[in-house]
file start.csv (CSV, C-alpha atoms and all ligand atoms)
chain,number,residue,atom,x,y,z
A,148,MET,CA,3.9,29.0,9.8
A,149,ILE,CA,1.0,27.0,8.5
A,150,GLU,CA,-1.4,26.2,11.4
A,151,GLN,CA,-1.4,22.4,10.7
A,152,GLU,CA,2.3,22.0,10.9
A,153,ARG,CA,2.4,22.4,14.7
A,154,ILE,CA,0.9,19.8,16.9
A,155,MET,CA,-2.2,21.3,18.5
A,156,THR,CA,-3.3,20.5,22.0
A,157,THR,CA,-6.3,18.2,22.6
A,158,GLN,CA,-8.4,21.2,23.6
A,159,GLU,CA,-7.4,23.3,20.6
A,160,THR,CA,-8.6,20.5,18.3
A,161,ILE,CA,-11.8,20.0,20.2
A,162,ASP,CA,-12.4,23.8,20.0
A,163,LEU,CA,-12.1,23.6,16.2
A,164,PHE,CA,-14.7,20.9,16.1
A,165,ASP,CA,-17.0,22.8,18.4
A,166,LYS,CA,-16.9,25.7,16.1
A,167,TYR,CA,-16.7,24.2,12.6
A,168,VAL,CA,-17.6,20.5,12.5
A,169,ILE,CA,-21.3,19.4,12.7
A,170,ALA,CA,-21.8,17.6,16.0
A,171,ASN,CA,-23.5,14.4,14.6
A,172,TYR,CA,-21.2,12.1,16.5
A,173,SER,CA,-20.7,11.6,20.2
A,174,ARG,CA,-17.0,11.6,20.4
A,175,LEU,CA,-14.5,10.5,23.1
A,176,GLU,CA,-12.4,13.4,24.3
A,177,ARG,CA,-9.2,12.1,22.6
A,178,VAL,CA,-7.4,13.4,19.6
A,179,ILE,CA,-5.7,10.5,17.8
A,180,VAL,CA,-2.5,11.5,16.0
A,181,LYS,CA,-1.0,8.2,15.0
A,182,GLY,CA,-1.9,4.6,14.4
A,183,GLU,CA,0.4,1.7,14.2
A,184,GLY,CA,-0.6,-2.0,14.1
A,185,CYS,CA,-2.8,-2.6,17.2
A,186,TYR,CA,-2.0,0.7,18.8
A,187,LEU,CA,-3.3,4.3,18.7
A,188,TYR,CA,-1.5,7.3,20.1
A,189,ASP,CA,-3.3,10.4,21.2
A,190,ALA,CA,-2.2,14.0,21.3
A,191,ASP,CA,-1.4,13.7,25.0
A,192,GLY,CA,1.1,11.0,24.5
A,193,ASN,CA,-1.2,8.1,25.6
A,194,LYS,CA,-0.8,4.7,23.9
A,195,ILE,CA,-4.0,2.8,23.4
A,196,LEU,CA,-4.4,-0.9,22.6
A,197,ASP,CA,-7.1,-0.9,19.9
A,198,MET,CA,-9.4,-3.8,19.9
A,199,PHE,CA,-12.0,-2.1,17.7
A,200,PRO,CA,-9.7,-0.5,15.1
A,201,GLY,CA,-11.4,2.1,12.9
A,202,TRP,CA,-14.8,0.7,13.7
A,203,ALA,CA,-13.8,-2.6,12.1
A,204,VAL,CA,-12.0,-0.9,9.2
A,205,SER,CA,-8.4,-1.5,10.1
A,206,GLY,CA,-8.7,-5.3,10.0
A,207,ILE,CA,-5.0,-5.7,9.3
A,208,GLY,CA,-4.1,-3.0,11.9
A,209,HIS,CA,-3.4,0.7,11.5
A,210,CYS,CA,-1.1,1.8,8.8
A,211,HIS,CA,0.0,-1.6,7.7
A,212,PRO,CA,3.5,-1.0,6.1
A,213,LYS,CA,2.5,-3.0,3.0
A,214,VAL,CA,-0.6,-0.9,2.5
A,215,VAL,CA,1.3,2.3,3.2
A,216,GLU,CA,3.9,1.3,0.6
A,217,ALA,CA,1.3,0.4,-2.0
A,218,ILE,CA,-0.4,3.8,-1.4
A,219,GLN,CA,2.8,5.7,-1.7
A,220,LYS,CA,3.7,3.9,-4.9
A,221,GLN,CA,0.3,4.4,-6.5
A,222,ALA,CA,0.2,8.0,-5.4
A,223,GLY,CA,3.3,8.7,-7.5
A,224,GLN,CA,1.7,7.2,-10.5
A,225,LEU,CA,-2.0,7.9,-10.7
A,226,LEU,CA,-4.4,8.9,-7.8
A,227,HIS,CA,-7.8,9.0,-9.5
A,228,ILE,CA,-9.1,8.3,-12.9
A,229,ASP,CA,-12.8,8.4,-13.7
A,230,ASN,CA,-14.6,5.4,-15.0
A,231,THR,CA,-14.5,6.8,-18.6
A,232,PHE,CA,-11.3,4.9,-18.8
A,233,TYR,CA,-9.9,1.6,-17.7
A,234,SER,CA,-7.3,1.4,-14.9
A,235,GLU,CA,-5.1,-1.5,-13.8
A,236,PRO,CA,-5.7,-1.6,-10.0
A,237,GLN,CA,-9.5,-1.8,-10.4
A,238,GLY,CA,-9.3,-4.8,-12.7
A,239,LYS,CA,-6.7,-6.6,-10.6
A,240,LEU,CA,-8.7,-6.0,-7.4
A,241,ALA,CA,-11.9,-7.3,-9.0
A,242,LYS,CA,-10.1,-10.5,-10.0
A,243,LEU,CA,-8.6,-11.0,-6.5
A,244,LEU,CA,-12.1,-10.6,-4.9
A,245,SER,CA,-13.9,-12.8,-7.5
A,246,GLU,CA,-11.4,-15.6,-7.0
A,247,ARG,CA,-11.9,-15.5,-3.2
A,248,ALA,CA,-15.7,-15.5,-3.4
A,249,PHE,CA,-18.1,-17.2,-6.0
A,250,GLY,CA,-16.5,-16.0,-9.2
A,251,GLY,CA,-18.8,-12.9,-9.6
A,252,LYS,CA,-18.2,-9.5,-11.1
A,253,CYS,CA,-17.6,-6.4,-9.1
A,254,PHE,CA,-18.9,-2.8,-8.9
A,255,PHE,CA,-16.8,-0.4,-6.8
A,256,CYS,CA,-17.9,2.5,-4.7
A,257,ASN,CA,-16.7,4.2,-1.5
A,258,SER,CA,-18.5,2.9,1.5
A,259,GLY,CA,-20.7,0.1,2.9
A,260,ALA,CA,-23.9,2.0,2.4
A,261,GLU,CA,-23.1,2.7,-1.2
A,262,ALA,CA,-22.3,-1.0,-1.8
A,263,ASN,CA,-25.7,-2.0,-0.3
A,264,GLU,CA,-27.4,0.8,-2.3
A,265,ALA,CA,-26.0,-0.7,-5.5
A,266,ALA,CA,-27.1,-4.2,-4.5
A,267,LEU,CA,-30.7,-3.0,-3.9
A,268,LYS,CA,-30.8,-1.2,-7.2
A,269,LEU,CA,-29.3,-4.1,-9.0
A,270,ALA,CA,-31.9,-6.4,-7.5
A,271,ARG,CA,-34.7,-4.2,-8.8
A,272,LEU,CA,-33.1,-4.0,-12.3
A,273,HIS,CA,-32.5,-7.8,-12.5
A,274,THR,CA,-36.0,-8.9,-11.4
A,275,THR,CA,-39.3,-7.9,-13.0
A,276,GLN,CA,-41.1,-4.6,-12.4
A,277,GLU,CA,-43.7,-6.3,-10.2
A,278,LYS,CA,-41.0,-7.3,-7.8
A,279,TYR,CA,-40.3,-4.2,-5.7
A,280,LYS,CA,-40.2,-5.7,-2.2
A,281,PHE,CA,-37.1,-6.3,0.0
A,282,ILE,CA,-37.1,-8.5,3.1
A,283,THR,CA,-34.6,-7.5,5.8
A,284,ALA,CA,-34.0,-8.7,9.4
A,285,GLU,CA,-34.8,-7.0,12.7
A,286,GLY,CA,-31.6,-5.8,14.3
A,287,SER,CA,-29.9,-5.4,11.0
A,288,PHE,CA,-27.6,-2.5,10.0
A,289,HIS,CA,-27.1,-1.7,6.3
A,290,GLY,CA,-26.2,2.0,6.2
A,291,ARG,CA,-27.5,5.6,6.5
A,292,THR,CA,-28.5,6.5,2.9
A,293,PHE,CA,-32.3,6.5,2.5
A,294,ALA,CA,-32.6,3.0,0.9
A,295,THR,CA,-30.1,1.4,3.3
A,296,LEU,CA,-31.6,3.2,6.3
A,297,THR,CA,-34.9,1.8,5.3
A,298,ALA,CA,-33.3,-1.6,4.9
A,299,THR,CA,-31.9,-1.2,8.5
A,300,ALA,CA,-34.7,-2.7,10.5
A,301,GLN,CA,-34.1,-0.8,13.7
A,302,PRO,CA,-36.8,1.8,14.7
A,303,LYS,CA,-34.3,4.0,16.6
A,304,HIS,CA,-32.5,4.7,13.3
A,305,HIS,CA,-35.8,5.6,11.5
A,306,GLU,CA,-36.9,8.3,14.0
A,307,GLY,CA,-37.2,11.6,12.2
A,308,PHE,CA,-37.1,10.2,8.7
A,309,LEU,CA,-40.5,8.9,8.1
A,310,PRO,CA,-41.9,8.1,5.6
A,311,LEU,CA,-39.2,5.7,4.4
A,312,LEU,CA,-38.9,4.0,1.1
A,313,PRO,CA,-41.9,1.8,0.2
A,314,GLY,CA,-41.6,-2.0,-0.2
A,315,PHE,CA,-39.4,-3.0,2.8
A,316,VAL,CA,-40.6,-5.8,5.0
A,317,TYR,CA,-39.0,-6.7,8.3
A,318,VAL,CA,-38.8,-10.1,9.8
A,319,PRO,CA,-37.2,-11.4,13.1
A,320,PHE,CA,-33.6,-12.6,12.5
A,321,ASN,CA,-33.1,-16.4,12.3
A,322,ASP,CA,-36.9,-17.0,12.2
A,323,VAL,CA,-37.6,-19.3,9.2
A,324,ALA,CA,-41.3,-19.4,9.6
A,325,ALA,CA,-41.6,-15.6,9.7
A,326,LEU,CA,-39.4,-15.4,6.5
A,327,GLU,CA,-41.6,-18.0,4.8
A,328,SER,CA,-44.8,-16.0,5.5
A,329,ALA,CA,-43.2,-12.7,4.5
A,330,PHE,CA,-42.4,-14.1,1.1
A,331,SER,CA,-44.4,-13.5,-2.0
A,332,ASP,CA,-43.7,-13.2,-5.8
A,333,GLU,CA,-43.4,-9.4,-5.3
A,334,VAL,CA,-40.1,-9.9,-3.4
A,335,ALA,CA,-37.0,-8.8,-5.3
A,336,ALA,CA,-34.4,-9.7,-2.7
A,337,VAL,CA,-33.7,-10.7,0.8
A,338,MET,CA,-30.8,-8.8,2.4
A,339,VAL,CA,-29.1,-10.0,5.6
A,340,GLU,CA,-25.8,-10.0,7.4
A,341,PRO,CA,-24.3,-13.5,8.0
A,342,ILE,CA,-23.4,-12.1,11.5
A,343,GLN,CA,-25.2,-9.0,12.6
A,344,GLY,CA,-22.6,-6.5,13.8
A,345,GLU,CA,-24.2,-3.3,15.0
A,346,GLY,CA,-27.2,-5.5,16.0
A,347,GLY,CA,-25.0,-7.2,18.7
A,348,ILE,CA,-23.0,-10.0,17.1
A,349,ASN,CA,-25.9,-12.3,16.2
A,350,ILE,CA,-24.9,-15.3,14.1
A,351,ALA,CA,-27.2,-16.6,11.4
A,352,THR,CA,-28.1,-20.3,11.8
A,353,ALA,CA,-27.3,-22.7,9.0
A,354,GLU,CA,-31.0,-23.5,8.8
A,355,TYR,CA,-31.8,-19.8,8.3
A,356,MET,CA,-29.2,-19.2,5.6
A,357,GLU,CA,-30.4,-22.3,3.7
A,358,ALA,CA,-34.0,-21.2,4.0
A,359,ILE,CA,-33.2,-17.8,2.5
A,360,ARG,CA,-31.5,-19.5,-0.4
A,361,ARG,CA,-34.4,-21.9,-1.0
A,362,LEU,CA,-37.1,-19.3,-0.7
A,363,CYS,CA,-35.3,-16.9,-3.0
A,364,ASP,CA,-35.0,-19.7,-5.6
A,365,GLU,CA,-38.6,-20.7,-5.3
A,366,ASN,CA,-39.8,-17.0,-5.7
A,367,GLY,CA,-37.3,-15.7,-8.3
A,368,ALA,CA,-35.7,-13.4,-5.7
A,369,LEU,CA,-32.1,-12.6,-5.1
A,370,MET,CA,-30.1,-13.4,-1.9
A,371,ILE,CA,-28.0,-10.4,-0.9
A,372,LEU,CA,-25.5,-10.8,1.9
A,373,ASP,CA,-24.2,-7.7,3.5
A,374,GLU,CA,-20.6,-8.6,4.3
A,375,VAL,CA,-19.5,-5.0,5.0
A,376,GLN,CA,-18.4,-6.1,8.5
A,377,THR,CA,-17.9,-9.8,8.1
A,378,GLY,CA,-16.0,-9.7,4.8
A,379,ILE,CA,-12.3,-9.8,4.0
A,380,GLY,CA,-11.2,-12.2,6.7
A,381,ARG,CA,-12.7,-10.9,9.8
A,382,THR,CA,-14.4,-14.2,10.6
A,383,GLY,CA,-11.4,-16.4,9.6
A,384,LYS,CA,-12.7,-16.9,6.1
A,385,TRP,CA,-12.7,-14.4,3.3
A,386,PHE,CA,-16.4,-14.0,3.6
A,387,GLY,CA,-18.9,-14.8,6.3
A,388,TYR,CA,-21.1,-16.9,4.0
A,389,GLN,CA,-18.3,-19.3,3.6
A,390,HIS,CA,-19.1,-20.7,7.0
A,391,PHE,CA,-22.4,-21.9,5.5
A,392,ASP,CA,-23.4,-24.3,2.8
A,393,VAL,CA,-25.0,-21.5,0.6
A,394,GLU,CA,-23.9,-19.3,-2.3
A,395,PRO,CA,-25.5,-15.9,-2.4
A,396,ASP,CA,-26.3,-14.0,-5.6
A,397,ILE,CA,-24.8,-10.7,-4.4
A,398,ILE,CA,-22.4,-9.8,-1.6
A,399,THR,CA,-21.3,-6.3,-0.4
A,400,MET,CA,-18.2,-5.3,1.3
A,401,ALA,CA,-16.3,-2.3,2.6
A,402,LYS,CA,-14.6,-1.7,6.0
A,403,THR,CA,-11.5,-4.0,6.1
A,404,LEU,CA,-11.3,-4.0,2.3
A,405,GLY,CA,-9.4,-0.7,1.9
A,406,GLY,CA,-6.9,-1.0,4.8
A,407,GLY,CA,-8.0,2.4,5.9
A,408,THR,CA,-8.9,4.0,2.6
A,409,ALA,CA,-12.5,4.6,1.6
A,410,ILE,CA,-13.7,1.8,-0.7
A,411,GLY,CA,-16.8,-0.4,-1.0
A,412,ALA,CA,-17.6,-3.1,-3.4
A,413,MET,CA,-20.6,-5.1,-4.6
A,414,MET,CA,-20.0,-8.5,-6.2
A,415,ALA,CA,-22.8,-10.2,-8.2
A,416,LYS,CA,-23.0,-13.5,-10.0
A,417,GLU,CA,-22.2,-13.0,-13.6
A,418,GLU,CA,-25.8,-13.4,-14.9
A,419,VAL,CA,-27.1,-10.9,-12.3
A,420,ALA,CA,-24.3,-8.5,-12.9
A,421,ALA,CA,-25.2,-8.4,-16.6
A,422,SER,CA,-28.3,-6.3,-15.7
A,423,LEU,CA,-26.2,-3.4,-14.5
A,424,ILE,CA,-25.8,-1.7,-17.9
A,425,PRO,CA,-24.3,1.8,-18.6
A,426,GLY,CA,-26.5,4.6,-17.3
A,427,LYS,CA,-28.1,2.6,-14.5
A,428,HIS,CA,-25.6,3.2,-11.7
A,429,ALA,CA,-22.3,4.9,-11.2
A,430,SER,CA,-19.8,6.4,-8.7
A,431,THR,CA,-17.4,9.1,-9.5
A,432,PHE,CA,-14.7,8.0,-7.0
A,433,GLY,CA,-15.7,4.3,-7.3
A,434,GLY,CA,-12.8,2.0,-8.1
A,435,ASN,CA,-10.2,4.8,-8.0
A,436,ALA,CA,-6.6,3.7,-8.4
A,437,LEU,CA,-5.5,4.7,-4.9
A,438,ALA,CA,-8.1,2.9,-2.9
A,439,CYS,CA,-7.9,-0.2,-5.2
A,440,ALA,CA,-4.1,-0.3,-4.8
A,441,ALA,CA,-4.5,-0.2,-1.1
A,442,ALA,CA,-7.2,-3.0,-1.2
A,443,ILE,CA,-4.9,-5.2,-3.4
A,444,ALA,CA,-2.2,-4.8,-0.7
A,445,VAL,CA,-4.7,-5.8,2.0
A,446,ILE,CA,-5.6,-9.0,0.3
A,447,GLU,CA,-2.0,-9.9,-0.5
A,448,THR,CA,-1.0,-9.2,3.2
A,449,ILE,CA,-3.8,-11.4,4.5
A,450,GLU,CA,-2.7,-14.2,2.2
A,451,GLU,CA,1.1,-13.9,2.6
A,452,ASN,CA,0.8,-13.8,6.4
A,453,ASN,CA,-1.8,-16.5,6.8
A,454,LEU,CA,-4.0,-14.0,8.6
A,455,LEU,CA,-7.2,-16.0,7.9
A,456,GLU,CA,-5.7,-18.8,10.0
A,457,ASN,CA,-4.7,-16.3,12.7
A,458,ALA,CA,-8.2,-14.8,12.7
A,459,SER,CA,-9.7,-18.2,13.4
A,460,GLN,CA,-7.2,-19.3,16.0
A,461,LEU,CA,-6.9,-16.0,17.8
A,462,GLY,CA,-10.6,-15.6,17.6
A,463,GLN,CA,-11.1,-18.9,19.4
A,464,TYR,CA,-8.4,-18.0,21.9
A,465,THR,CA,-10.1,-14.6,22.6
A,466,LYS,CA,-13.5,-16.1,23.0
A,467,ASP,CA,-12.2,-18.7,25.4
A,468,LYS,CA,-10.4,-16.1,27.5
A,469,LEU,CA,-13.5,-13.8,27.6
A,470,GLY,CA,-15.6,-16.8,28.4
A,471,ARG,CA,-13.5,-17.5,31.4
A,472,LEU,CA,-14.3,-14.0,32.7
A,473,LYS,CA,-17.9,-15.0,32.9
A,474,GLN,CA,-17.2,-17.3,35.9
A,475,LYS,CA,-15.8,-14.4,37.8
A,476,HIS,CA,-18.1,-11.5,36.7
A,477,TYR,CA,-21.8,-12.0,37.0
A,478,ILE,CA,-22.4,-9.0,34.7
A,479,ILE,CA,-21.3,-11.2,31.7
A,480,ASP,CA,-24.2,-13.2,30.4
A,481,ASN,CA,-22.5,-14.9,27.4
A,482,VAL,CA,-19.7,-14.6,24.9
A,483,ARG,CA,-20.4,-15.2,21.2
A,484,GLY,CA,-18.9,-14.7,17.8
A,485,ILE,CA,-16.9,-16.2,14.9
A,486,GLY,CA,-13.3,-15.5,14.3
A,487,LEU,CA,-12.4,-12.0,15.4
A,488,MET,CA,-15.9,-10.7,15.5
A,489,ILE,CA,-16.8,-11.2,19.2
A,490,GLY,CA,-19.5,-9.9,21.4
A,491,VAL,CA,-19.7,-10.0,25.2
A,492,GLN,CA,-23.4,-9.9,26.2
A,493,LEU,CA,-23.7,-8.0,29.5
A,494,THR,CA,-26.7,-8.1,31.8
A,495,SER,CA,-26.6,-4.3,32.1
A,496,PRO,CA,-25.4,-1.3,30.0
A,497,GLY,CA,-21.8,-1.3,28.9
A,498,ALA,CA,-21.0,2.3,28.0
A,499,GLY,CA,-19.4,3.0,31.3
A,500,ILE,CA,-17.2,-0.1,31.0
A,501,VAL,CA,-15.9,1.1,27.6
A,502,ASP,CA,-15.0,4.5,29.0
A,503,LYS,CA,-13.1,2.9,31.9
A,504,CYS,CA,-11.3,0.5,29.6
A,505,LEU,CA,-10.1,3.5,27.6
A,506,GLU,CA,-8.8,5.2,30.7
A,507,LYS,CA,-6.7,2.1,31.2
A,508,GLY,CA,-5.5,2.1,27.6
A,509,LEU,CA,-7.9,-0.3,25.9
A,510,ARG,CA,-10.3,0.5,23.2
A,511,ILE,CA,-13.4,-1.7,22.7
A,512,ASN,CA,-16.9,-0.8,21.7
A,513,CYS,CA,-20.4,-1.2,23.0
A,514,THR,CA,-23.4,-1.8,20.8
A,515,CYS,CA,-27.1,-2.4,21.5
A,516,ASP,CA,-26.5,-0.9,24.9
A,517,SER,CA,-25.1,-4.0,26.5
A,518,VAL,CA,-22.9,-5.9,24.0
A,519,LEU,CA,-19.2,-5.2,24.3
A,520,ARG,CA,-17.6,-5.7,20.9
A,521,PHE,CA,-14.0,-7.1,20.5
A,522,MET,CA,-12.9,-6.9,16.9
A,523,PRO,CA,-9.1,-7.1,17.1
A,524,PRO,CA,-7.1,-6.7,14.0
A,525,MET,CA,-6.1,-9.9,12.3
A,526,ILE,CA,-2.4,-9.2,13.0
A,527,ALA,CA,-3.0,-9.2,16.8
A,528,THR,CA,-1.0,-11.5,19.0
A,529,LYS,CA,-2.0,-13.6,22.0
A,530,ASP,CA,0.0,-11.2,24.3
A,531,GLN,CA,-2.1,-8.3,23.1
A,532,ILE,CA,-5.3,-10.3,23.6
A,533,ASP,CA,-4.1,-11.2,27.1
A,534,GLN,CA,-3.4,-7.6,27.9
A,535,ALA,CA,-6.9,-6.6,26.6
A,536,VAL,CA,-8.7,-9.2,28.6
A,537,ASP,CA,-6.7,-8.3,31.7
A,538,ILE,CA,-7.7,-4.7,31.4
A,539,LEU,CA,-11.4,-5.6,31.0
A,540,ASP,CA,-11.1,-8.0,33.9
A,541,SER,CA,-9.7,-5.2,36.2
A,542,VAL,CA,-12.4,-2.8,35.0
A,543,LEU,CA,-15.1,-5.3,35.8
A,544,SER,CA,-13.5,-6.0,39.2
A,545,ASP,CA,-13.4,-2.2,40.0
A,546,SER,CA,-17.0,-1.7,39.1
A,547,ALA,CA,-18.4,-4.8,40.8
A,601,LIG,C1,-20.7,-0.4,8.7
A,601,LIG,C2,-21.7,-1.1,8.0
A,601,LIG,C3,-22.4,-0.6,6.9
A,601,LIG,C4,-22.3,0.8,6.5
A,601,LIG,O1,-21.0,1.1,6.0
A,601,LIG,P1,-20.6,2.6,5.8
A,601,LIG,O2,-19.2,2.5,5.2
A,601,LIG,O3,-20.6,3.3,7.1
A,601,LIG,O4,-21.6,3.2,4.8
A,601,LIG,C5,-23.3,-1.4,6.3
A,601,LIG,N1,-23.5,-2.7,6.7
A,601,LIG,C6,-22.9,-3.3,7.7
A,601,LIG,C7,-23.1,-4.7,8.0
A,601,LIG,C8,-22.0,-2.5,8.4
A,601,LIG,O5,-21.3,-3.0,9.5
call {"tool": "encode", "arguments": {"input": "start.csv", "output": "structure tokens"}}
result
Amino acid sequence: MIEQERIMTTQETIDLFDKYVIANYSRLERVIVKGEGCYLYDADGNKILDMFPGWAVSGIGHCHPKVVEAIQKQAGQLLHIDNTFYSEPQGKLAKLLSERAFGGKCFFCNSGAEANEAALKLARLHTTQEKYKFITAEGSFHGRTFATLTATAQPKHHEGFLPLLPGFVYVPFNDVAALESAFSDEVAAVMVEPIQGEGGINIATAEYMEAIRRLCDENGALMILDEVQTGIGRTGKWFGYQHFDVEPDIITMAKTLGGGTAIGAMMAKEEVAASLIPGKHASTFGGNALACAAAIAVIETIEENNLLENASQLGQYTKDKLGRLKQKHYIIDNVRGIGLMIGVQLTSPGAGIVDKCLEKGLRINCTCDSVLRFMPPMIATKDQIDQAVDILDSVLSDSA
């Protein structure tokens, strides 16, 4: 019998990891064997309500039937074809994305970091050689490749990797004056998230977004928005920037886009996109038929089921419910977010709370030490939100 065909115990799987998998993650002692909608199932038969599905990847829930069906259908037809040829799913997906953003053109890759990497390279190509600087915001997260790690303005992620790439300038988030003084005609682009995710759910102000646009225009620089976490409906609109009165030159996306398959995309305004000519950038797997078919199904599912609307309404409902917990639990300082991207700022570290919630069957996340992240899938119901908030409520009561 082939080893994988029998269900292993939790310990057997962990033993395999200990022996053969590099230990660069701190993992919870659970082996997940199945995902369905808002739920995960582990190898010990526990059912977990998932309010942080796939680290914000499974935005329409785990194994959405429509996505699974699209993958099965595409798998029987064509899995991967390199970019020497044309393929239908890639073209169709680009059209769907373009129509839901600012009418730009797309480049496909396989992750958020790669999408940002492409955006940074394109900004260098599109502007003049003297322009080599990038401005990014403190608390940002843009990925783990060398350029995107450098763009990530958080010293803890830089430790052990100095010197980083030259030309990156960091400014405090939402500080217009600091942005203004960091600008020069050497700046190729500003890259920010409309809502910082890993940085603790920090929402850009309208004034800040408009200042980025204005300063980029005045200095011949590009405005890049990292929508890897905010994109594809998470905030109740297709893209986070659509909550503001600005149009960026480039957006990047990944996470929710593939419905659980690995895909990233960069979209640029047509005149900017024109600078990315053959030979300047590429990805072997980028835009493969399987991932593109899955992403098309994600977009169609969001549209057919009015999930943007649900993300807005359910997001407000969740924020209100969590906000009410604040009156009861002094450990909650404030609750903030847009749509289904919600942070609960605690007055002390939250890792222990996350562990206790998991013991009671709820998965949430903690970032920046003391911000609990609730990022339910867009298919979640009020009942599921009620259950989640009740579990958090009881955990906070137990630990008070
Ligand atoms: C997750 C994330 C990334 C990195 O995406 P990967 O797919 O892990 O490379 C980049 N930017 C933001 C805003 C993210 O949330």
call {"tool": "residues_near_ligand", "arguments": {"input": "start.csv", "ligand": "ligand LIG 601 (chain A)", "cutoff": "6 Å", "atoms": "only C-alpha atoms and all ligand atoms", "output": "ChimeraX atom specification"}}
result
/A:258-260,288-290,340,344,373-376
call {"tool": "residues_around", "arguments": {"input": "start.csv", "residues": "A:His390", "least_positions_apart": "4", "cutoff": "9 Å", "atoms": "all atoms listed in the file", "output": "ChimeraX atom specification"}}
result
/A:341,353,382,384,386
call {"tool": "closest_residue", "arguments": {"input": "start.csv", "among": "A:Glu365, A:Ile449, A:Met400, A:Ile489", "to": "A:Gly208", "atoms": "all atoms listed in the file"}}
result
A:Ile449
call {"tool": "closest_residue", "arguments": {"input": "start.csv", "among": "A:Ala335, A:Ile169, A:Leu267, A:Val482", "to": "A:His428", "atoms": "all atoms listed in the file"}}
result
A:Leu267
call {"tool": "residues_around", "arguments": {"input": "start.csv", "residues": "A:Pro523", "least_positions_apart": "6", "cutoff": "10 Å", "atoms": "only C-alpha atoms", "output": "ChimeraX atom specification"}}
result
/A:185,196-200,203,205-208,381,458,461-462,465,486-489,510-511,531-532,535
call {"tool": "atom_distance", "arguments": {"input": "start.csv", "atom1": "atom CA of A:Val334", "atom2": "atom CA of A:Leu369"}}
result
8.6 Å
call {"tool": "closest_atom_pairs", "arguments": {"input": "start.csv", "of": "stretch 341-444 of chain A", "to": "stretch 270-280 of chain A", "cutoff": "12 Å", "atoms": "all atoms listed in the file", "output": "CSV"}}
result
residue,atom,partner,partner_atom,distance
A:Cys363,CA,A:Thr274,CA,11.6
A:Asn366,CA,A:Lys278,CA,10.0
A:Gly367,CA,A:Thr274,CA,7.6
A:Ala368,CA,A:Thr274,CA,7.3
A:Leu369,CA,A:Ala270,CA,6.7
A:Met370,CA,A:Ala270,CA,9.1
A:Ile371,CA,A:Ala270,CA,8.6
A:Asp396,CA,A:Ala270,CA,9.6
A:Ile397,CA,A:Ala270,CA,8.9
A:Ile398,CA,A:Ala270,CA,11.7
A:Met413,CA,A:Ala270,CA,11.7
A:Ala415,CA,A:Ala270,CA,9.9
A:Lys416,CA,A:His273,CA,11.4
A:Glu417,CA,A:His273,CA,11.6
A:Glu418,CA,A:His273,CA,9.1
A:Val419,CA,A:His273,CA,6.2
A:Ala420,CA,A:His273,CA,8.2
A:Ala421,CA,A:His273,CA,8.4
A:Ser422,CA,A:His273,CA,5.5
A:Leu423,CA,A:Leu272,CA,7.3
A:Ile424,CA,A:Leu272,CA,9.5
A:Gly426,CA,A:Leu272,CA,11.9
A:Lys427,CA,A:Leu272,CA,8.6
A:His428,CA,A:Leu272,CA,10.4
call {"tool": "write_last_selection", "arguments": {"input": "start.csv", "atoms": "C-alpha atoms", "output": "PDB file, in the coordinates of the input"}}
result
ATOM      1  CA  CYS A 363     -35.300 -16.900  -3.000  1.00  0.00           C
ATOM      2  CA  ASN A 366     -39.800 -17.000  -5.700  1.00  0.00           C
ATOM      3  CA  GLY A 367     -37.300 -15.700  -8.300  1.00  0.00           C
ATOM      4  CA  ALA A 368     -35.700 -13.400  -5.700  1.00  0.00           C
ATOM      5  CA  LEU A 369     -32.100 -12.600  -5.100  1.00  0.00           C
ATOM      6  CA  MET A 370     -30.100 -13.400  -1.900  1.00  0.00           C
ATOM      7  CA  ILE A 371     -28.000 -10.400  -0.900  1.00  0.00           C
ATOM      8  CA  ASP A 396     -26.300 -14.000  -5.600  1.00  0.00           C
ATOM      9  CA  ILE A 397     -24.800 -10.700  -4.400  1.00  0.00           C
ATOM     10  CA  ILE A 398     -22.400  -9.800  -1.600  1.00  0.00           C
ATOM     11  CA  MET A 413     -20.600  -5.100  -4.600  1.00  0.00           C
ATOM     12  CA  ALA A 415     -22.800 -10.200  -8.200  1.00  0.00           C
ATOM     13  CA  LYS A 416     -23.000 -13.500 -10.000  1.00  0.00           C
ATOM     14  CA  GLU A 417     -22.200 -13.000 -13.600  1.00  0.00           C
ATOM     15  CA  GLU A 418     -25.800 -13.400 -14.900  1.00  0.00           C
ATOM     16  CA  VAL A 419     -27.100 -10.900 -12.300  1.00  0.00           C
ATOM     17  CA  ALA A 420     -24.300  -8.500 -12.900  1.00  0.00           C
ATOM     18  CA  ALA A 421     -25.200  -8.400 -16.600  1.00  0.00           C
ATOM     19  CA  SER A 422     -28.300  -6.300 -15.700  1.00  0.00           C
ATOM     20  CA  LEU A 423     -26.200  -3.400 -14.500  1.00  0.00           C
ATOM     21  CA  ILE A 424     -25.800  -1.700 -17.900  1.00  0.00           C
ATOM     22  CA  GLY A 426     -26.500   4.600 -17.300  1.00  0.00           C
ATOM     23  CA  LYS A 427     -28.100   2.600 -14.500  1.00  0.00           C
ATOM     24  CA  HIS A 428     -25.600   3.200 -11.700  1.00  0.00           C
TER      25      HIS A 428
END
call {"tool": "closest_residue", "arguments": {"input": "start.csv", "among": "A:Ala442, A:Ala547, A:Cys210, A:Met356", "to": "A:Ser495", "atoms": "only C-alpha atoms"}}
result
A:Ala547
call {"tool": "atom_distance", "arguments": {"input": "start.csv", "atom1": "atom CA of A:Phe320", "atom2": "atom CA of A:Ala262"}}
result
21.6 Å
